[in-house]
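Student: Have a look at this one before I ask anything.
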Amino acid sequence: MTNDIPAAPTLRRTIGPIQLMLYALGSMLGSGVYGLIGQSAALVGNAVWLAFLVALVAALLTALSYASLGSRYPHAGGAAYVVQHAFRAPALSFIVGLGVACSSLLSVATQSRVFAANLAELVGAPSQVPLIAFGFILVLAGVVLRGIREAMWVNVLCTLVEAGGLLLVVGFGARSWGGVDYLEVPSTTTGEPSLALLAIQGAVLTFFAYIGFEDSINVAEECRDPQRTIPVGLVAAMLLSAALYVAVAITAVSVVPWRDLAQAPGPITAVMARAAPWLPTSVYSSITLFAVANTALVNYVTASRLLYGMARQELLPSGLGRVHAIRRTPHVAICALFFVLAPLSLWGGVAHLAAATVLMLLSVFAVVNSALVVLKLRPGEREGKFEVPLAVPAAGAFVCAALVIIRVGTGDWRATALAGAMVAGISILFVVARRSSAPARAP
């Protein structure tokens, strides 16, 4: 007798190192340098480039931890999986996993409104923003549902357009390089400021330009040779993004005085207005559409794989872990997300939650780094193809915890309150889910 029961379909492994690099790069470029150049110039003057380099060191600590964890445990579910494996605390894993998923959801909803507003302005239909936002979510869900190969090709296209836009800035503005003092910083009433101190303060701000690298670990089960693909793709994306950021920062302060840059509502647009005044503004409006769409796409994929992975860990209903037999995508999780995202995209009041989700992500980074410390110290724990010294995750946990404290101490109290409310809500959901499933697990 043979077993004729067909095996359950699994996710399709199609992602190589270059695709994963572009995946992580696109997630970082979508919400980083475009808005932070002006804010950083106000703080550190012409030394913006130095702030990006210092921030790279801080962000790279956590990125290296993620690369090592992806090499050790290439499973969908990302942070939730490794936290559960390290601490064996379902409540903490549930909070971490849904915290990241909520962050991704809110990002997609926010980006849908931004995309709709930009497209409506471009085509002259300002009254159609809600309809465009809903259509954007619908198309996005269709791409993600179609397959990881198709989603990755859309990501590649958008990432190349994003990077191309930044390279245009560097290309047109490079002739102005060398015309300013790149260590000039704002003067203060208390005397000459310390360049090192200002660079660190600027790094606290520019650190957020690198957020997005963590999304790569969630597609581990769709990578070819993930033990190699994840470390290579993730680290390469970090270094490439840093090179782009530094080049754009140097170009920006070379073309536009840092005082003017700090006051500009659109710093990159201001740079291009001086470096290439003949270039239509619609070019960068179009590039913005690609950048926003890419960020939303990556976050949709991330959220769906998180739900899928958590369902496989029995932290969420098992139905969310089902894979489509033909498309090989977690179709139930993707559709469930659509029914949450559709009303959020129509609401239009999610943008103010961005600061709260940043706090949650930093807290997750601290927990994930701590998880790697625990796993490296646990006897008999297997190693991956990419290992880092114990000091790396320890320092990464410290840096992320320090950033949380700084954000809480200096940011809007409402962001802290919202983050706390989200954690409380997720915790209550965990308790309710556990109680409802307890009778089913009873003998």
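For the structure tokens, the naming scheme is as follows: chains receive sequential letters (A, B, ...) according to their order of presentation, residues are indexed from 1 within each chain, and ligands are indexed from 1 in presentation order.
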Determine, using only C-alpha atoms, which residues of stretch 103-166 of chain A have any atom at most 7 Å from an atom of stretch 328-342 of chain A, and tabulate each with its shortest atom pair and distance in Å to one decimal place, rows ordered by chain and then rising number, as CSV.

Tutor:
residue,atom,partner,partner_atom,distance
A:Leu105,CA,A:Leu341,CA,6.9
A:Ala109,CA,A:Leu341,CA,6.1
A:Phe134,CA,A:Ala342,CA,6.0
A:Ile137,CA,A:Ala342,CA,6.6
A:Ala141,CA,A:Phe338,CA,6.6
A:Leu145,CA,A:His331,CA,6.1
A:Gly147,CA,A:Thr329,CA,5.9

Student: Write out as a PDB file with C-alpha atoms, in the first residue's frame which residues come within 8 Å of A:Ile426 when counting only C-alpha atoms, dropping same-chain ones fewer than 6 positions away.

Tutor:
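Contents of the output file selection_29.pdb:
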ATOM      1  CA  PHE A  94       3.052  36.867  19.442  1.00  0.00           C
ATOM      2  CA  ILE A  95       3.611  40.516  20.415  1.00  0.00           C
ATOM      3  CA  LEU A  98       1.994  41.030  15.279  1.00  0.00           C
ATOM      4  CA  GLY A  99       3.846  44.217  16.191  1.00  0.00           C
TER       5      GLY A  99
END

Student: Could you list, as a ChimeraX atom specification, every residue within 9 Å of A:Asp260, counting only C-alpha atoms and ignoring same-chain residues fewer than 4 positions away?

Tutor: /A:38,256,264,267,270

Student: Include C-alpha atoms and write out the residues we just selected as an mmCIF file, in the first residue's frame.

Tutor:
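Generated file (again-v9.cif):
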data_model
loop_
_atom_site.group_PDB
_atom_site.id
_atom_site.type_symbol
_atom_site.label_atom_id
_atom_site.label_comp_id
_atom_site.auth_asym_id
_atom_site.auth_seq_id
_atom_site.Cartn_x
_atom_site.Cartn_y
_atom_site.Cartn_z
ATOM 1 C CA GLY A 38 16.657 68.551 5.156
ATOM 2 C CA VAL A 256 22.064 74.061 -1.915
ATOM 3 C CA ALA A 264 13.068 73.472 1.945
ATOM 4 C CA PRO A 267 14.992 68.997 -0.149
ATOM 5 C CA ALA A 270 15.210 71.944 -4.231
#

Student: I'd like the contact shell of A:Leu261 - 9 Å cut-off, only C-alpha atoms, skipping same-chain residues fewer than 3 positions apart - returned as a PyMOL selection string.

Tutor: chain A and resi 37-39+41-42+252-253+256-258+264-268+270-271

Student: Find the residues near stretch 427-432 of chain A: any atom within 7 Å, counting only C-alpha atoms, skip ones fewer than 3 places away on the same chain, and give them as a compact mmCIF listing (two decimals) with C-alpha atoms, in the first residue's frame.

Tutor:
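Written file, around.txt:
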# COMPACT_ATOMS: atom_id res chain seq x y z
CA ALA A 91 3.30 35.74 24.39
CA PHE A 94 3.05 36.87 19.44
CA ILE A 95 3.61 40.52 20.42
CA VAL A 423 1.17 46.45 22.48
CA ALA A 424 -1.66 46.28 25.02
CA ARG A 435 -8.38 30.99 26.02
CA SER A 436 -10.55 30.27 22.98

Student: Stretch 228-237 of chain A: which residues within 9 Å, counting only C-alpha atoms, same-chain residues fewer than 5 positions away excluded, as an MDAnalysis selection string?

Tutor: chainID A and resid 15:26 28 60 63:64 66:68 70:71 74 213:214 216:217 220 223 242 385:386

Student: Compare A:Pro226, A:Gly179, A:Gly321, A:Gly396 by their minimum atom-to-atom distance to A:Val364, counting only C-alpha atoms, and give me the closest one.

Tutor: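 Selected residue with least distance to A:Val364: A:Gly396.
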
Student: Taking 4 positions as the minimum chain separation for residues in the same chain, which residues sit within 9 Å of A:Leu361 when counting only C-alpha atoms? Answer as a list in words.

Tutor: Val96, Gly99, Val100, Ser103, Ile211, Ala356, Thr357, Phe365 and Ala366 of chain A

Student: For the structure I just gave you, how does DSSP split stretch 142-343 of chain A - specifically, which residues are alpha helix (DSSP H)? Reply as number ranges by chain.

Tutor: A: 142-146, 148-173, 195-206, 226-255, 258-263, 267-275, 281-312, 331-343

Student: Pick out the closest residue to A:Leu36 from this set: A:Ile200, A:Val48, A:Ala355, A:Ala163. Count only C-alpha atoms.

Tutor: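 Answer, going by the shortest atom-to-atom distance: A:Val48.
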
Student: My list of candidates is A:Val144, A:Pro126, A:Leu56, A:Ala47. Which is closest to A:Leu240 when distances are computed with only C-alpha atoms?

Tutor: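 Distance minimum relative to A:Leu240 lands on A:Leu56.
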
Student: Point out the residue among A:Ser176, A:Ser27, A:Thr62, A:Thr10 with the least atom-to-atom distance to A:Asn369, counting only C-alpha atoms.

Tutor: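 Of A:Ser176, A:Ser27, A:Thr62, A:Thr10, the one nearest A:Asn369 is A:Thr62, counting only C-alpha atoms.
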
Student: Could the residues of stretch 140-250 of chain A that have an atom at most 6 Å from stretch 291-307 of chain A be listed as CSV, each with its closest atom pair and the distance in Å to one decimal, counting only C-alpha atoms and ordered by chain and ascending residue number?

Tutor:
residue,atom,partner,partner_atom,distance
A:Asn155,CA,A:Asn294,CA,5.9
A:Cys158,CA,A:Asn294,CA,5.7
A:Glu162,CA,A:Ala291,CA,5.6
A:Asp215,CA,A:Thr302,CA,6.0
A:Asn218,CA,A:Thr302,CA,5.9

Student: Between atom CA of A:Ala421 and atom CA of A:Ala79, what is the distance, to one decimal in Å?

Tutor: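 Going from atom CA of A:Ala421 over to atom CA of A:Ala79, I get 20.7 Å.
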